[in-house]
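What follows is the content of run.txt, which has compact mmCIF, C-alpha atoms:
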```txt
# COMPACT_ATOMS: atom_id res chain seq x y z
CA MET A 1 -54.17 25.07 -106.65
CA THR A 2 -50.78 25.16 -105.02
CA ILE A 3 -49.86 27.84 -102.55
CA GLN A 4 -46.55 29.31 -103.61
CA ARG A 5 -44.10 30.02 -100.87
CA PHE A 6 -42.75 33.55 -100.73
CA ASN A 7 -39.48 33.78 -102.65
CA TRP A 8 -37.64 35.61 -99.85
CA GLN A 9 -34.18 35.02 -101.31
CA ILE A 10 -34.81 37.25 -104.30
CA TRP A 11 -36.18 40.11 -102.19
CA VAL A 12 -33.55 39.89 -99.45
CA GLY A 13 -30.85 39.56 -102.12
CA PHE A 14 -32.07 42.70 -103.84
CA LEU A 15 -32.41 44.62 -100.57
CA LEU A 16 -28.95 43.51 -99.53
CA SER A 17 -27.42 44.79 -102.78
CA VAL A 18 -29.00 48.20 -102.11
CA ILE A 19 -27.59 48.13 -98.57
CA ALA A 20 -24.20 46.99 -99.88
CA PHE A 21 -24.14 50.07 -102.10
CA LEU A 22 -25.41 52.69 -99.66
CA SER A 23 -23.44 51.48 -96.66
CA TYR A 24 -20.17 52.60 -98.27
CA PRO A 25 -20.82 56.36 -98.42
CA LEU A 26 -23.03 56.28 -95.31
CA ILE A 27 -21.07 54.03 -92.95
CA PHE A 28 -17.93 52.25 -94.13
CA VAL A 29 -16.20 55.33 -95.53
CA ARG A 30 -15.82 56.59 -91.95
CA PHE A 31 -13.44 53.80 -90.97
CA PRO A 32 -10.06 53.52 -92.68
CA VAL A 33 -10.10 49.69 -92.67
CA THR A 34 -13.36 49.50 -94.59
CA ARG A 35 -12.74 52.66 -96.63
CA ASP A 36 -9.35 52.19 -98.26
CA PHE A 37 -10.62 49.05 -99.91
CA PRO A 38 -14.39 48.40 -99.76
CA TRP A 39 -14.09 44.72 -98.84
CA ALA A 40 -17.06 44.91 -96.43
CA ASN A 41 -19.28 46.12 -99.27
CA LEU A 42 -17.96 43.54 -101.72
CA LEU A 43 -18.66 40.87 -99.10
CA LEU A 44 -22.25 42.11 -98.79
CA PHE A 45 -22.53 42.11 -102.58
CA GLY A 46 -21.26 38.53 -102.61
CA ILE A 47 -23.97 37.43 -100.18
CA ALA A 48 -26.55 39.41 -102.16
CA ALA A 49 -25.46 37.74 -105.41
CA ALA A 50 -25.72 34.28 -103.85
CA LEU A 51 -29.24 35.03 -102.60
CA LEU A 52 -30.26 36.45 -105.97
CA LEU A 53 -28.97 33.35 -107.71
CA VAL A 54 -30.97 31.07 -105.40
CA GLY A 55 -33.96 33.40 -105.82
CA VAL A 56 -33.80 33.28 -109.61
CA ARG A 57 -33.59 29.49 -109.61
CA ARG A 58 -36.65 29.36 -107.35
CA ALA A 59 -38.51 31.88 -109.50
CA PHE A 60 -37.94 29.78 -112.60
CA ALA A 61 -39.03 26.52 -111.01
CA PRO A 62 -41.72 24.92 -113.23
CA GLU A 63 -44.57 25.32 -110.74
CA ARG A 64 -44.02 29.09 -110.28
CA ARG A 65 -46.23 31.62 -111.96
CA ARG A 66 -45.11 33.96 -114.68
CA ARG A 67 -45.31 36.94 -112.35
CA SER A 68 -42.76 35.33 -110.08
CA LYS A 69 -40.38 34.80 -113.02
CA ILE A 70 -40.68 38.42 -114.11
CA ALA A 71 -40.15 39.77 -110.60
CA GLY A 72 -37.18 37.44 -110.16
CA SER A 73 -35.52 38.55 -113.39
CA VAL A 74 -36.10 42.24 -112.73
CA LEU A 75 -34.77 42.15 -109.17
CA ALA A 76 -31.74 40.07 -110.12
CA THR A 77 -30.93 42.42 -113.01
CA LEU A 78 -31.25 45.47 -110.75
CA GLY A 79 -28.99 43.80 -108.20
CA VAL A 80 -26.30 43.23 -110.83
CA LEU A 81 -26.67 46.83 -112.09
CA ILE A 82 -26.23 48.16 -108.55
CA LEU A 83 -23.04 46.12 -108.17
CA GLY A 84 -21.81 47.41 -111.53
CA PHE A 85 -22.53 50.98 -110.57
CA PHE A 86 -20.80 50.48 -107.21
CA VAL A 87 -17.62 49.20 -108.84
CA PHE A 88 -17.72 52.04 -111.35
CA ALA A 89 -18.46 54.85 -108.87
CA ILE A 90 -16.42 53.71 -105.86
CA LEU A 91 -13.49 51.90 -107.45
CA ILE A 92 -13.05 53.58 -110.83
CA VAL A 93 -14.39 57.15 -110.98
CA SER A 94 -12.87 58.03 -107.60
CA ARG A 95 -9.41 57.37 -109.09
CA TRP A 96 -9.88 59.76 -112.01
CA LEU A 97 -7.78 62.45 -110.40
CA PRO A 98 -5.22 64.74 -112.02
CA VAL A 99 -1.60 63.80 -111.30
CA SER A 100 -0.64 67.26 -109.96
CA HIS A 101 3.06 67.13 -110.85
CA GLY A 102 3.25 70.86 -110.26
CA ALA A 103 2.01 70.69 -106.66
CA PRO A 104 4.48 71.96 -104.02
CA GLN A 105 6.78 69.15 -102.95
CA ILE A 106 8.54 68.40 -99.68
CA GLY A 107 11.25 70.98 -99.09
CA GLN A 108 9.61 73.56 -101.36
CA LYS A 109 8.02 76.79 -100.16
CA ALA A 110 4.24 76.73 -100.41
CA PRO A 111 3.08 79.65 -102.59
CA ASP A 112 1.51 82.43 -100.54
CA PHE A 113 -2.13 83.32 -101.17
CA SER A 114 -4.98 85.43 -99.84
CA LEU A 115 -8.53 84.08 -99.68
CA ALA A 116 -11.82 84.98 -98.00
CA ASP A 117 -12.73 83.19 -94.76
CA THR A 118 -16.28 82.44 -93.53
CA ASN A 119 -16.73 86.12 -92.54
CA SER A 120 -15.54 87.19 -96.02
CA ARG A 121 -12.40 88.57 -94.40
CA THR A 122 -9.26 88.14 -96.49
CA VAL A 123 -6.71 85.86 -94.86
CA SER A 124 -3.24 85.17 -96.23
CA LEU A 125 -1.05 82.13 -95.72
CA SER A 126 1.75 84.27 -94.27
CA GLU A 127 -0.77 85.69 -91.80
CA LEU A 128 -1.86 82.19 -90.77
CA LEU A 129 1.76 81.13 -90.32
CA ALA A 130 2.21 84.03 -87.90
CA THR A 131 -1.10 83.76 -85.98
CA PRO A 132 -0.36 82.50 -82.45
CA ILE A 133 -2.13 79.39 -81.13
CA ASN A 134 -3.06 79.80 -77.45
CA GLY A 135 -0.44 82.53 -77.16
CA THR A 136 2.48 80.66 -78.72
CA THR A 137 3.88 80.86 -82.24
CA PRO A 138 2.46 78.07 -84.43
CA LYS A 139 4.68 75.20 -85.51
CA GLY A 140 2.95 75.10 -88.83
CA VAL A 141 -0.14 75.17 -90.98
CA LEU A 142 -2.07 72.24 -92.42
CA LEU A 143 -3.56 73.00 -95.84
CA ILE A 144 -6.47 70.75 -96.72
CA PHE A 145 -7.76 71.08 -100.27
CA TYR A 146 -11.13 69.41 -100.77
CA ARG A 147 -13.74 69.03 -103.47
CA GLY A 148 -16.37 71.05 -101.68
CA TYR A 149 -20.13 70.89 -101.36
CA TRP A 150 -20.83 73.13 -104.35
CA MET B 151 -10.06 68.72 -83.68
CA ASP B 152 -8.35 70.49 -80.89
CA LYS B 153 -5.54 67.96 -81.36
CA PHE B 154 -4.20 70.08 -84.21
CA HIS B 155 -3.99 73.16 -82.03
CA GLU B 156 -2.36 71.09 -79.29
CA ALA B 157 0.25 70.11 -81.87
CA GLY B 158 0.73 73.79 -82.74
CA ILE B 159 -0.89 73.46 -86.16
CA HIS B 160 -3.45 75.73 -87.80
CA PRO B 161 -5.78 73.56 -89.90
CA VAL B 162 -6.91 75.41 -93.03
CA ALA B 163 -9.54 73.99 -95.38
CA ILE B 164 -9.70 75.32 -98.95
CA SER B 165 -12.33 74.67 -101.62
CA VAL B 166 -14.23 76.49 -104.37
CA ASP B 167 -17.22 76.91 -102.04
CA SER B 168 -18.41 80.40 -101.14
CA PRO B 169 -17.86 81.88 -97.66
CA GLU B 170 -21.59 81.38 -97.00
CA ILE B 171 -21.44 77.65 -97.74
CA ASN B 172 -18.27 77.37 -95.69
CA GLU B 173 -19.98 79.18 -92.83
CA ARG B 174 -22.82 76.64 -92.91
CA LEU B 175 -20.37 73.76 -93.21
CA SER B 176 -18.26 74.93 -90.29
CA ARG B 177 -21.37 75.35 -88.15
CA SER B 178 -22.65 71.89 -89.06
CA LEU B 179 -19.33 70.37 -88.02
CA SER B 180 -19.94 71.81 -84.53
CA ALA B 181 -17.22 72.27 -81.95
CA SER B 182 -14.61 70.22 -83.79
CA ALA B 183 -14.48 72.79 -86.58
CA ASP B 184 -13.81 75.77 -84.31
CA THR B 185 -10.10 75.54 -84.92
CA PHE B 186 -10.45 75.19 -88.68
CA THR B 187 -10.13 78.16 -90.97
CA PHE B 188 -12.34 77.68 -94.02
CA LEU B 189 -11.16 79.61 -97.06
CA SER B 190 -13.06 80.21 -100.25
CA ASP B 191 -11.39 79.96 -103.67
CA PRO B 192 -14.43 80.24 -106.00
CA LYS B 193 -12.38 80.72 -109.19
CA ALA B 194 -9.91 77.96 -108.20
CA GLU B 195 -7.02 80.43 -108.53
CA VAL B 196 -5.03 79.21 -105.56
CA ILE B 197 -6.06 75.64 -106.37
CA ARG B 198 -4.58 76.22 -109.86
CA ARG B 199 -1.39 77.74 -108.45
CA TYR B 200 -0.97 74.56 -106.39
CA ASP B 201 -1.66 72.44 -109.52
CA LEU B 202 -4.63 70.78 -107.83
CA VAL B 203 -7.36 71.63 -110.34
CA HIS B 204 -9.69 68.79 -111.20
CA GLU B 205 -11.16 70.16 -114.40
CA GLY B 206 -14.90 70.01 -114.79
CA ALA B 207 -15.35 67.65 -111.84
CA GLY B 208 -17.88 69.85 -110.04
CA ILE B 209 -21.58 69.02 -110.12
CA ASP B 210 -22.22 71.68 -112.79
CA GLY B 211 -18.96 70.95 -114.54
CA GLN B 212 -16.97 73.62 -112.74
CA ASP B 213 -13.29 73.24 -111.93
CA ILE B 214 -12.77 72.08 -108.36
CA ALA B 215 -9.86 70.95 -106.20
CA ARG B 216 -8.65 67.36 -106.15
CA PRO B 217 -8.22 66.32 -102.51
CA ALA B 218 -4.74 67.08 -101.14
CA GLU B 219 -3.13 67.82 -97.79
CA PHE B 220 0.07 69.75 -97.12
CA LEU B 221 1.77 70.23 -93.77
CA LEU B 222 3.87 73.38 -93.74
CA ASP B 223 6.39 74.40 -91.10
CA SER B 224 6.45 77.90 -89.66
CA SER B 225 8.54 79.17 -92.58
CA GLY B 226 5.88 77.97 -95.03
CA THR B 227 8.01 75.10 -96.32
CA VAL B 228 6.24 71.84 -97.17
CA ARG B 229 7.25 69.12 -94.68
CA TRP B 230 4.66 66.47 -95.49
CA VAL B 231 2.28 66.02 -98.36
CA ASN B 232 -0.54 63.65 -99.31
CA LEU B 233 -1.87 63.57 -102.85
CA THR B 234 -4.41 60.79 -102.74
CA GLU B 235 -5.09 58.61 -105.77
CA ASN B 236 -8.66 57.92 -104.70
CA TYR B 237 -10.90 60.68 -103.46
CA TRP B 238 -12.60 58.48 -100.89
CA VAL B 239 -9.22 57.97 -99.24
CA ARG B 240 -7.96 61.06 -97.39
CA ALA B 241 -5.17 61.56 -94.90
CA ARG B 242 -6.07 60.48 -91.38
CA PRO B 243 -5.63 62.92 -88.50
CA GLU B 244 -3.19 60.49 -86.82
CA GLN B 245 -0.93 60.53 -89.89
CA ILE B 246 -0.84 64.31 -89.86
CA LEU B 247 -0.26 64.54 -86.10
CA GLU B 248 2.59 62.04 -86.46
CA ALA B 249 4.16 64.19 -89.18
CA ALA B 250 3.59 67.29 -87.06
CA LYS B 251 5.84 65.86 -84.33
CA ALA B 252 8.84 66.49 -86.58
CA LEU B 253 8.06 70.22 -86.74
CA ARG B 254 9.89 72.55 -84.39
```

Represent the structure from my file as structure tokens, please.
Amino acid sequence: MTIQRFNWQIWVGFLLSVIAFLSYPLIFVRFPVTRDFPWANLLLFGIAAALLLVGVRRAFAPERRRRSKIAGSVLATLGVLILGFFVFAILIVSRWLPVSHGAPQIGQKAPDFSLADTNSRTVSLSELLATPINGTTPKGVLLIFYRGYW
Amino acid sequence: MDKFHEAGIHPVAISVDSPEINERLSRSLSASADTFTFLSDPKAEVIRRYDLVHEGAGIDGQDIARPAEFLLDSSGTVRWVNLTENYWVRARPEQILEAAKALR
């Protein structure tokens, strides 16, 4: 009976592909250099893919048991699926945004509006433009539209 | 983000979220959010008027806002705008503060 050595490459490769995926929304999105293009994550995926490849080759070595081959195939497939989902979710879906040709452009007046604040008090844009900051008239207002937490 | 107030700018955040959710959000963002005004546009009416509706993109398929930032001067005229093409990529505070320098 031969003692089979633990196929660490396949497990580390799989774990690394999970980390490569999660580290984008959890860590790398906070820094502009790693956010605007997810090169850090793609690098991690590259390392993960290399490990998975080595792991699969080891798993399919003639002396390995069937269980090892199954585990190797499953983990490698999951790793590839995670990469596919990453590319789809982070690089493709995030760009499905409306073009917004009708949005106010530079030099145009921003349409006035009234909306409820966190105390359910109605606040208008013209009011905000006139609300002093530390006792002086504001130079302007920054409108940030965001998707929300739902 | 007291930097915005130092620059004489009122930061205003607008989404379809209710005032209650905004209240929780602003509290979770701690001191930095003190200067922010969170406004609630549950029916996306203002978002529609600004042509920023992302149809059916909410978790339950509701219409929400696509991310966008506008810097207005004191007359309400747009002086700087950022309509991102990728919702992970938003304007950075430095970019906005740089643009705010041109306001009088």

Problem - Residue neighbourhood range 95-110 of chain A, 10 Å, only C-alpha atoms, exclusion window fewer than 4 positions, as a ChimeraX atom specification - result: /A:89-91,125,143 /B:197-205,207,215-218,220-223,225-239

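Closest approach to chain A among B:Pro243, B:Pro192, B:Gly158, B:Gly206 is made by B:Gly158 (distances from only C-alpha atoms).
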
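You will find CA of Ala61 in chain A at 17.8 Å from CA of Gly13 in chain A.
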
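Minimum distance to chain A across B:Ala157, B:Ala163, B:Ala241, B:Ile246 (counting all atoms listed in the file) occurs at B:Ala163.
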
Exercise for the section: Rank nothing, just name the residue among A:Gly148, A:Pro138, A:Gly72, A:Gly79 nearest to Asp167 in chain B, using only C-alpha atoms. Expected result: A:Gly148

Fill in the blank from the handout: Closest of A:Ala48, A:Ala40, A:Ile92, A:Val141 to Leu78 in chain A, counting all atoms listed in the file, is A:Ala48

Handout entry: Coordinates-based distance that separates CA of Asp213 in chain B from CA of Ala194 in chain B (Å, one decimal)
Key = 6.9 Å

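Distance check against Thr187 in chain B using only C-alpha atoms: of A:Gln9, A:Leu22, A:Val123, A:Tyr149, the minimum falls on A:Val123.
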
Using all atoms of range 246-254 of chain B that appear in the file, construct an axis-aligned enclosing box with 4 Å of padding on every side and provide its centre coordinates and edge lengths in Å, rounded to one decimal, as lines of an AutoDock Vina configuration file.
```
center_x = 4.5
center_y = 67.3
center_z = -87.1
size_x = 18.7
size_y = 18.5
size_z = 13.5
```

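Proximity to chain B was assessed for A:Val33, A:Ala76, A:Val56, A:Ala50 counting only C-alpha atoms; the smallest distance is recorded for A:Val33.
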
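For the atom pair formed by CA of Pro132 in chain A and CA of Asp184 in chain B, the distance is 15.2 Å, given to one decimal.
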
Practice task
Tell me, as number ranges by chain, which residues lie within 12 Å of range 41-43 of chain A, counting only C-alpha atoms; anything in the same chain fewer than 2 positions away does not count.
Solution key: A: 16-29, 33-39, 45-50, 82-84, 86-87, 90-91

Problem - Polymer residues at most 12 Å from Leu189 in chain B, only C-alpha atoms, same-chain spacing of 2 or more positions, as a ChimeraX atom specification - result: /A:113-125,128,143-146,148 /B:161-173,175-176,186-187,191-192,194,196-197

Repaired coordinates for range 164-175 of chain B (all heavy atoms) as a CSV table (one decimal), keeping the file's coordinate frame:
```
chain,number,residue,atom,x,y,z
B,164,ILE,N,-9.5,74.5,-97.8
B,164,ILE,CA,-9.7,75.3,-99.0
B,164,ILE,C,-10.5,74.6,-100.0
B,164,ILE,O,-10.2,73.4,-100.4
B,164,ILE,CB,-8.3,75.7,-99.5
B,164,ILE,CG1,-7.5,76.4,-98.5
B,164,ILE,CG2,-8.5,76.6,-100.8
B,164,ILE,CD1,-6.0,76.6,-98.9
B,165,SER,N,-11.6,75.2,-100.5
B,165,SER,CA,-12.3,74.7,-101.6
B,165,SER,C,-12.9,75.8,-102.5
B,165,SER,O,-12.7,77.0,-102.1
B,165,SER,CB,-13.5,73.8,-101.1
B,165,SER,OG,-14.5,74.6,-100.6
B,166,VAL,N,-13.6,75.5,-103.5
B,166,VAL,CA,-14.2,76.5,-104.4
B,166,VAL,C,-15.5,77.0,-103.8
B,166,VAL,O,-16.1,77.9,-104.3
B,166,VAL,CB,-14.5,76.0,-105.8
B,166,VAL,CG1,-13.2,75.7,-106.5
B,166,VAL,CG2,-15.4,74.7,-105.7
B,167,ASP,N,-16.0,76.5,-102.6
B,167,ASP,CA,-17.2,76.9,-102.0
B,167,ASP,C,-17.2,78.4,-101.6
B,167,ASP,O,-16.1,78.8,-101.2
B,167,ASP,CB,-17.6,76.0,-100.9
B,167,ASP,CG,-18.1,74.6,-101.3
B,167,ASP,OD1,-18.4,74.5,-102.5
B,167,ASP,OD2,-18.1,73.7,-100.5
B,168,SER,N,-18.3,79.0,-101.6
B,168,SER,CA,-18.4,80.4,-101.1
B,168,SER,C,-18.3,80.5,-99.6
B,168,SER,O,-18.5,79.5,-98.9
B,168,SER,CB,-19.8,81.0,-101.5
B,168,SER,OG,-20.8,80.3,-100.8
B,169,PRO,N,-17.9,81.7,-99.1
B,169,PRO,CA,-17.9,81.9,-97.7
B,169,PRO,C,-19.2,81.5,-97.0
B,169,PRO,O,-19.1,81.0,-95.9
B,169,PRO,CB,-17.6,83.4,-97.5
B,169,PRO,CG,-16.9,83.8,-98.7
B,169,PRO,CD,-17.5,82.9,-99.8
B,170,GLU,N,-20.3,81.7,-97.6
B,170,GLU,CA,-21.6,81.4,-97.0
B,170,GLU,C,-21.7,79.9,-96.8
B,170,GLU,O,-22.1,79.4,-95.8
B,170,GLU,CB,-22.8,81.9,-97.9
B,170,GLU,CG,-22.9,83.4,-98.0
B,170,GLU,CD,-21.8,84.0,-98.9
B,170,GLU,OE1,-21.4,83.4,-99.9
B,170,GLU,OE2,-21.4,85.1,-98.6
B,171,ILE,N,-21.4,79.1,-97.9
B,171,ILE,CA,-21.4,77.6,-97.7
B,171,ILE,C,-20.5,77.2,-96.7
B,171,ILE,O,-20.8,76.3,-95.9
B,171,ILE,CB,-21.1,77.0,-99.1
B,171,ILE,CG1,-22.3,77.3,-100.1
B,171,ILE,CG2,-21.0,75.5,-98.9
B,171,ILE,CD1,-22.1,76.8,-101.5
B,172,ASN,N,-19.3,77.8,-96.7
B,172,ASN,CA,-18.3,77.4,-95.7
B,172,ASN,C,-18.7,77.7,-94.3
B,172,ASN,O,-18.5,76.9,-93.3
B,172,ASN,CB,-17.0,78.1,-95.9
B,172,ASN,CG,-16.2,77.6,-97.2
B,172,ASN,OD1,-16.5,76.4,-97.6
B,172,ASN,ND2,-15.3,78.3,-97.7
B,173,GLU,N,-19.4,78.8,-94.1
B,173,GLU,CA,-20.0,79.2,-92.8
B,173,GLU,C,-21.0,78.1,-92.3
B,173,GLU,O,-20.9,77.6,-91.2
B,173,GLU,CB,-20.7,80.5,-93.0
B,173,GLU,CG,-21.6,81.0,-91.9
B,173,GLU,CD,-20.9,81.3,-90.6
B,173,GLU,OE1,-19.8,81.7,-90.7
B,173,GLU,OE2,-21.6,81.1,-89.6
B,174,ARG,N,-21.8,77.7,-93.3
B,174,ARG,CA,-22.8,76.6,-92.9
B,174,ARG,C,-22.1,75.3,-92.6
B,174,ARG,O,-22.4,74.7,-91.6
B,174,ARG,CB,-23.8,76.4,-94.1
B,174,ARG,CG,-25.2,76.8,-93.7
B,174,ARG,CD,-26.1,76.5,-94.9
B,174,ARG,NE,-25.9,77.3,-96.0
B,174,ARG,CZ,-26.0,76.9,-97.3
B,174,ARG,NH1,-26.4,75.7,-97.6
B,174,ARG,NH2,-25.7,77.7,-98.3
B,175,LEU,N,-21.1,75.0,-93.4
B,175,LEU,CA,-20.4,73.8,-93.2
B,175,LEU,C,-19.7,73.8,-91.8
B,175,LEU,O,-19.8,72.8,-91.1
B,175,LEU,CB,-19.3,73.6,-94.3
B,175,LEU,CG,-18.4,72.4,-94.2
B,175,LEU,CD1,-19.1,71.1,-94.2
B,175,LEU,CD2,-17.3,72.5,-95.3
```
